[in-house]
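Undergrad: One structure coming up, written as structure tokens, with questions to follow.
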Amino acid sequence: MIKLDRQDAVWILTMCNGENRFNRDSLDAFHSALDTVQASTGPAALVTTGEGKFYSNGNDLDWLTGAPGEIDGFMADLHRLLGRVIGFPLVTVAAVNGHAFGAAAMLAIAHDFVIMREDRGYWCLPEADLGLPLTPAMFAVVSAKLPKRTAHEAIVTARRYGGAAAAAAGIAHRAVGEDQVLSVAIAAAAELAGKDRRALAEHRRLLYGDVSIRCGARVVPDAGE
């Protein structure tokens with residue numbers, strides 16, 4: 001479901017469960033993997049990716065429909081995941097190997113950098129088509145990480161952005177060939193793995209502390225000058 005590997009200073013978190021949709025088990029596994037990475041010592045950075053043609057197809061709506069009593073707790077933990085990633089004390093890179101829809105699209109842009117496949121795969125916020133409005137926490141992430149006009153278009157129209165369009169719109173930092181997505185992401189992460197964790201944590205608080213609070217994630221205390 002979640003595979004965690006390490007290549008020198010770079011941790012590589014791979015979602016490997018078909019469409020990589022988020023349900024209780026996969027969400028718990030993702031949080032557990034982040035716990036492991038965050039507890040590590042020494043220079044480090046994080047890359048997340050998926051297997052096959054999906055980075056992740058977002059929430060597992062079939063599971064949610066069949067588990068109505070778990071929806072509130074699940075959504076709280078999903079929001080917390082977005083808040084953890086946007087405030088993570090290591091440099092983070094999303095290697096978007098294929099489709100990233102809904103909550104997964106939000107997860108991708110919560111990273112510091114997004115590398116997308118240029119030939120196939122879409123980044124999309126489909127909530128306007130599904131009749132599932134963004135939550136305030138989700139909107140906080142989208143509005144913090146995307147240019148305002150892009151956020152407007154993505155939210156209102158549910159546009160599907162391919163890699164090149166996503167890069168032009170400020171969603172992705174680079175669009176590359178299928179066989180380069182992961183290697184480019186790892187190289188970018190490795191170059192920045194030596195950044196000071198304490199400084200990064202404080203900079204996250206300054207940049208996105210309000211978003212992390214909205215998402216229910218812990219915000220580090222002020223480290224001072």
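Naming works like this for the structure tokens: A, B, ... for the chains as they're shown, residue 1 at the start of each chain, ligands 1 onward in shown order.
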At a cut-off of 9 Å, can you tabulate as JSON lines every residue of region 87-187 of chain A near region 202-206 of chain A together with its closest atom pair and the distance in Å to one decimal, using only C-alpha atoms and ordering rows by chain then number?
TA:
```
{"residue": "A:Gly87", "atom": "CA", "partner": "A:Arg204", "partner_atom": "CA", "distance": 5.1}
{"residue": "A:Phe88", "atom": "CA", "partner": "A:Arg204", "partner_atom": "CA", "distance": 7.4}
{"residue": "A:Pro89", "atom": "CA", "partner": "A:Arg204", "partner_atom": "CA", "distance": 7.5}
```
Undergrad: Enumerate, as a PyMOL selection string, the complete set of residues in region 44-154 of chain A that a backbone-based DSSP assignment places in helix (DSSP H, G or I).
TA: chain A and resi 61-66+68-86+103-110+127-130+136-145+148-154
Undergrad: Could the residues in this selection be written to a file with N, CA and C atoms, as a short mmCIF file (atom, residue, chain, number, x, y, z; two decimals), in the first residue's frame?
TA:
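Result written to part_2.cif:
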```
data_model
loop_
_atom_site.label_atom_id
_atom_site.label_comp_id
_atom_site.auth_asym_id
_atom_site.auth_seq_id
_atom_site.Cartn_x
_atom_site.Cartn_y
_atom_site.Cartn_z
N LEU A 61 -14.06 6.94 -2.77
CA LEU A 61 -15.46 7.29 -2.52
C LEU A 61 -16.31 6.06 -2.22
N ASP A 62 -15.97 4.92 -2.81
CA ASP A 62 -16.72 3.70 -2.51
C ASP A 62 -16.55 3.32 -1.04
N TRP A 63 -15.33 3.43 -0.54
CA TRP A 63 -15.08 3.12 0.87
C TRP A 63 -15.81 4.11 1.76
N LEU A 64 -15.75 5.40 1.41
CA LEU A 64 -16.41 6.41 2.22
C LEU A 64 -17.93 6.19 2.26
N THR A 65 -18.51 5.82 1.11
CA THR A 65 -19.94 5.57 1.07
C THR A 65 -20.33 4.40 1.97
N GLY A 66 -19.44 3.41 2.07
CA GLY A 66 -19.73 2.24 2.88
C GLY A 66 -19.35 2.37 4.33
N PRO A 68 -20.00 5.39 6.60
CA PRO A 68 -20.44 6.75 6.96
C PRO A 68 -20.01 7.19 8.34
N GLY A 69 -19.85 6.23 9.26
CA GLY A 69 -19.45 6.59 10.61
C GLY A 69 -18.00 7.02 10.72
N GLU A 70 -17.21 6.77 9.68
CA GLU A 70 -15.79 7.09 9.72
C GLU A 70 -15.44 8.36 8.96
N ILE A 71 -16.44 8.98 8.33
CA ILE A 71 -16.14 10.10 7.45
C ILE A 71 -15.49 11.26 8.20
N ASP A 72 -16.04 11.64 9.34
CA ASP A 72 -15.51 12.81 10.06
C ASP A 72 -14.07 12.58 10.47
N GLY A 73 -13.77 11.42 11.04
CA GLY A 73 -12.40 11.13 11.46
C GLY A 73 -11.46 11.03 10.28
N PHE A 74 -11.93 10.41 9.20
CA PHE A 74 -11.11 10.30 8.00
C PHE A 74 -10.78 11.67 7.44
N MET A 75 -11.78 12.54 7.31
CA MET A 75 -11.53 13.86 6.75
C MET A 75 -10.60 14.67 7.63
N ALA A 76 -10.72 14.53 8.94
CA ALA A 76 -9.81 15.24 9.84
C ALA A 76 -8.37 14.79 9.61
N ASP A 77 -8.17 13.49 9.43
CA ASP A 77 -6.83 12.97 9.21
C ASP A 77 -6.32 13.30 7.81
N LEU A 78 -7.22 13.38 6.83
CA LEU A 78 -6.81 13.81 5.49
C LEU A 78 -6.36 15.27 5.52
N HIS A 79 -7.13 16.12 6.18
CA HIS A 79 -6.73 17.52 6.32
C HIS A 79 -5.38 17.61 7.04
N ARG A 80 -5.21 16.81 8.07
CA ARG A 80 -3.95 16.83 8.82
C ARG A 80 -2.78 16.41 7.93
N LEU A 81 -3.03 15.45 7.02
CA LEU A 81 -1.97 15.04 6.10
C LEU A 81 -1.54 16.21 5.21
N LEU A 82 -2.50 16.94 4.67
CA LEU A 82 -2.17 18.10 3.86
C LEU A 82 -1.39 19.13 4.67
N GLY A 83 -1.82 19.34 5.91
CA GLY A 83 -1.12 20.28 6.78
C GLY A 83 0.27 19.82 7.14
N ARG A 84 0.45 18.51 7.34
CA ARG A 84 1.78 17.98 7.65
C ARG A 84 2.73 18.19 6.48
N VAL A 85 2.26 17.90 5.28
CA VAL A 85 3.14 18.00 4.12
C VAL A 85 3.51 19.45 3.84
N ILE A 86 2.55 20.36 3.92
CA ILE A 86 2.86 21.76 3.63
C ILE A 86 3.78 22.35 4.70
N ALA A 103 -8.18 15.10 -3.73
CA ALA A 103 -7.31 15.22 -2.57
C ALA A 103 -5.85 14.97 -2.93
N ALA A 104 -5.61 14.10 -3.92
CA ALA A 104 -4.23 13.83 -4.34
C ALA A 104 -3.62 15.02 -5.08
N ALA A 105 -4.45 15.74 -5.84
CA ALA A 105 -3.97 16.96 -6.49
C ALA A 105 -3.56 17.99 -5.44
N MET A 106 -4.35 18.08 -4.36
CA MET A 106 -4.01 18.98 -3.26
C MET A 106 -2.74 18.53 -2.55
N LEU A 107 -2.63 17.21 -2.35
CA LEU A 107 -1.42 16.68 -1.71
C LEU A 107 -0.19 17.02 -2.53
N ALA A 108 -0.27 16.87 -3.85
CA ALA A 108 0.89 17.15 -4.69
C ALA A 108 1.35 18.59 -4.54
N ILE A 109 0.43 19.55 -4.60
CA ILE A 109 0.85 20.95 -4.52
C ILE A 109 1.22 21.37 -3.11
N ALA A 110 0.89 20.55 -2.11
CA ALA A 110 1.35 20.85 -0.75
C ALA A 110 2.86 20.66 -0.61
N GLU A 127 -14.06 18.54 -7.95
CA GLU A 127 -15.15 18.65 -6.99
C GLU A 127 -16.39 19.35 -7.56
N ALA A 128 -16.19 20.34 -8.47
CA ALA A 128 -17.34 21.04 -9.05
C ALA A 128 -18.18 20.10 -9.92
N ASP A 129 -17.55 19.08 -10.48
CA ASP A 129 -18.29 18.10 -11.27
C ASP A 129 -18.92 17.02 -10.39
N LEU A 130 -18.28 16.73 -9.27
CA LEU A 130 -18.75 15.65 -8.39
C LEU A 130 -19.80 16.12 -7.39
N PRO A 136 -12.88 24.10 3.91
CA PRO A 136 -12.02 25.25 4.17
C PRO A 136 -10.53 24.87 4.24
N ALA A 137 -10.23 23.71 4.80
CA ALA A 137 -8.83 23.29 4.88
C ALA A 137 -8.26 23.04 3.49
N MET A 138 -9.02 22.35 2.65
CA MET A 138 -8.56 22.09 1.28
C MET A 138 -8.35 23.40 0.52
N PHE A 139 -9.31 24.32 0.65
CA PHE A 139 -9.19 25.60 -0.03
C PHE A 139 -7.96 26.36 0.46
N ALA A 140 -7.67 26.25 1.75
CA ALA A 140 -6.50 26.96 2.29
C ALA A 140 -5.22 26.48 1.62
N VAL A 141 -5.11 25.17 1.38
CA VAL A 141 -3.92 24.62 0.71
C VAL A 141 -3.85 25.10 -0.72
N VAL A 142 -4.96 24.99 -1.45
CA VAL A 142 -4.98 25.38 -2.86
C VAL A 142 -4.65 26.86 -3.01
N SER A 143 -5.27 27.70 -2.20
CA SER A 143 -5.07 29.14 -2.34
C SER A 143 -3.67 29.57 -1.91
N ALA A 144 -3.05 28.80 -1.00
CA ALA A 144 -1.69 29.13 -0.56
C ALA A 144 -0.63 28.75 -1.58
N LYS A 145 -0.90 27.72 -2.39
CA LYS A 145 0.14 27.18 -3.25
C LYS A 145 -0.02 27.48 -4.74
N LYS A 148 -3.47 32.92 -8.04
CA LYS A 148 -4.91 33.11 -7.80
C LYS A 148 -5.75 32.77 -9.03
N ARG A 149 -5.32 33.18 -10.22
CA ARG A 149 -6.12 32.90 -11.42
C ARG A 149 -6.15 31.41 -11.72
N THR A 150 -5.05 30.72 -11.43
CA THR A 150 -5.03 29.27 -11.63
C THR A 150 -5.96 28.59 -10.63
N ALA A 151 -5.88 29.02 -9.37
CA ALA A 151 -6.76 28.44 -8.36
C ALA A 151 -8.23 28.64 -8.75
N HIS A 152 -8.54 29.84 -9.22
CA HIS A 152 -9.92 30.12 -9.64
C HIS A 152 -10.35 29.17 -10.74
N GLU A 153 -9.54 29.06 -11.78
CA GLU A 153 -9.91 28.20 -12.90
C GLU A 153 -10.01 26.74 -12.48
N ALA A 154 -9.05 26.28 -11.71
CA ALA A 154 -9.04 24.88 -11.29
C ALA A 154 -10.26 24.54 -10.44
#
```
Undergrad: Can you tell me, as a list in words, what residues are no more than 8 Å from Asn17 (chain A) when counting only C-alpha atoms, ignoring any on the same chain fewer than 2 positions away?
TA: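 Using only C-alpha atoms, the neighbours found are Met1, Ile2, Met15, Glu19, Asn20, Arg21 and Glu51 of chain A.
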Undergrad: Please produce a file of the residues just selected, as an mmCIF file, in the first residue's frame, where the atoms kept are N, CA, C and O atoms.
TA:
```
data_model
loop_
_atom_site.group_PDB
_atom_site.id
_atom_site.type_symbol
_atom_site.label_atom_id
_atom_site.label_comp_id
_atom_site.auth_asym_id
_atom_site.auth_seq_id
_atom_site.Cartn_x
_atom_site.Cartn_y
_atom_site.Cartn_z
ATOM 1 N N MET A 1 0.832 -1.208 0.000
ATOM 2 C CA MET A 1 0.000 0.000 0.000
ATOM 3 C C MET A 1 0.867 1.258 0.000
ATOM 4 O O MET A 1 0.705 2.142 -0.815
ATOM 5 N N ILE A 2 1.819 1.331 0.932
ATOM 6 C CA ILE A 2 2.817 2.389 0.977
ATOM 7 C C ILE A 2 4.185 1.721 1.123
ATOM 8 O O ILE A 2 4.398 0.915 2.024
ATOM 9 N N MET A 15 3.223 5.179 -3.329
ATOM 10 C CA MET A 15 1.878 4.639 -3.167
ATOM 11 C C MET A 15 1.713 3.519 -4.196
ATOM 12 O O MET A 15 1.904 3.750 -5.388
ATOM 13 N N GLU A 19 -5.165 2.381 -7.948
ATOM 14 C CA GLU A 19 -5.395 3.805 -8.178
ATOM 15 C C GLU A 19 -4.888 4.659 -7.020
ATOM 16 O O GLU A 19 -5.001 5.888 -7.058
ATOM 17 N N ASN A 20 -4.362 4.017 -5.996
ATOM 18 C CA ASN A 20 -3.764 4.720 -4.850
ATOM 19 C C ASN A 20 -4.738 5.698 -4.205
ATOM 20 O O ASN A 20 -4.355 6.790 -3.781
ATOM 21 N N ARG A 21 -5.983 5.266 -4.089
ATOM 22 C CA ARG A 21 -6.988 6.122 -3.463
ATOM 23 C C ARG A 21 -6.804 6.145 -1.945
ATOM 24 O O ARG A 21 -6.280 5.215 -1.360
ATOM 25 N N GLU A 51 2.680 4.251 -8.274
ATOM 26 C CA GLU A 51 3.000 3.217 -9.245
ATOM 27 C C GLU A 51 1.967 3.215 -10.366
ATOM 28 O O GLU A 51 0.808 3.573 -10.162
#
```
Undergrad: Would you please work out which residue, of A:Thr41, A:Thr157, A:Thr48, A:Asn59, is nearest to Ala189 (chain A) when using only C-alpha atoms?
TA: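 Closest to Ala189 (chain A) of all the choices is A:Thr48.
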Undergrad: From the options A:Asp112, A:Asp60, A:Asp35, A:Asp25, which residue's atoms come nearest to Ile171 (chain A), counting only C-alpha atoms?
TA: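 For Ile171 (chain A), the nearest of the candidates is A:Asp112.
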Undergrad: Quick one: residues within 7 Å of Leu182 (chain A), only C-alpha atoms counted, chain neighbours fewer than 3 positions away excluded, as JSON, numbers by chain?
TA: {"A": [95, 185, 186]}
Undergrad: Produce a file of the selected residues containing N, CA, C and O atoms, as an mmCIF file, in the first residue's frame.
TA:
```
data_model
loop_
_atom_site.group_PDB
_atom_site.id
_atom_site.type_symbol
_atom_site.label_atom_id
_atom_site.label_comp_id
_atom_site.auth_asym_id
_atom_site.auth_seq_id
_atom_site.Cartn_x
_atom_site.Cartn_y
_atom_site.Cartn_z
ATOM 1 N N ALA A 95 6.652 13.563 -7.183
ATOM 2 C CA ALA A 95 6.948 13.017 -8.507
ATOM 3 C C ALA A 95 5.640 12.461 -9.053
ATOM 4 O O ALA A 95 5.272 11.311 -8.791
ATOM 5 N N ALA A 185 12.911 14.204 -9.797
ATOM 6 C CA ALA A 185 12.446 14.538 -8.449
ATOM 7 C C ALA A 185 13.493 14.183 -7.403
ATOM 8 O O ALA A 185 13.756 14.965 -6.470
ATOM 9 N N ILE A 186 14.090 13.009 -7.525
ATOM 10 C CA ILE A 186 15.122 12.591 -6.568
ATOM 11 C C ILE A 186 16.323 13.519 -6.635
ATOM 12 O O ILE A 186 16.885 13.910 -5.600
#
```
Undergrad: In Å, how far is it from CA of Ala39 (chain A) to CA of Ile115 (chain A)?
TA: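 We find that CA of Ala39 (chain A) and CA of Ile115 (chain A) lie 25.5 Å from each other.
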Undergrad: I want to know what sits within 6 Å of Val114 (chain A), based on only C-alpha atoms, with residues of the same chain fewer than 5 positions away left out; could you give that as a PyMOL selection string?
TA: chain A and resi 93-94+172-173
Undergrad: Would you please give, as a PyMOL selection string, all residues of region 32-178 of chain A that DSSP assigns to strand (DSSP E or B) based on the backbone?
TA: chain A and resi 45-50+54-56+59+91-96+99-101+113-117+123-124+160-161+174-176
Undergrad: CA of Lys53 (chain A) and CA of Gly177 (chain A), how far apart in Å?
TA: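 Computing it gives 13.4 Å between the two atoms.
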Undergrad: Could you check which of A:Gly102, A:Pro43, A:Gly163, A:Pro126 is closest to Asn57 (chain A), using only C-alpha atoms?
TA: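 Of A:Gly102, A:Pro43, A:Gly163, A:Pro126, the one nearest Asn57 (chain A) is A:Gly102, counting only C-alpha atoms.
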Undergrad: Quick check, in Å to one decimal: how far apart do CA of Leu34 (chain A) and CA of Leu4 (chain A) lie?
TA: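 CA of Leu34 (chain A) sits 9.4 Å away from CA of Leu4 (chain A).
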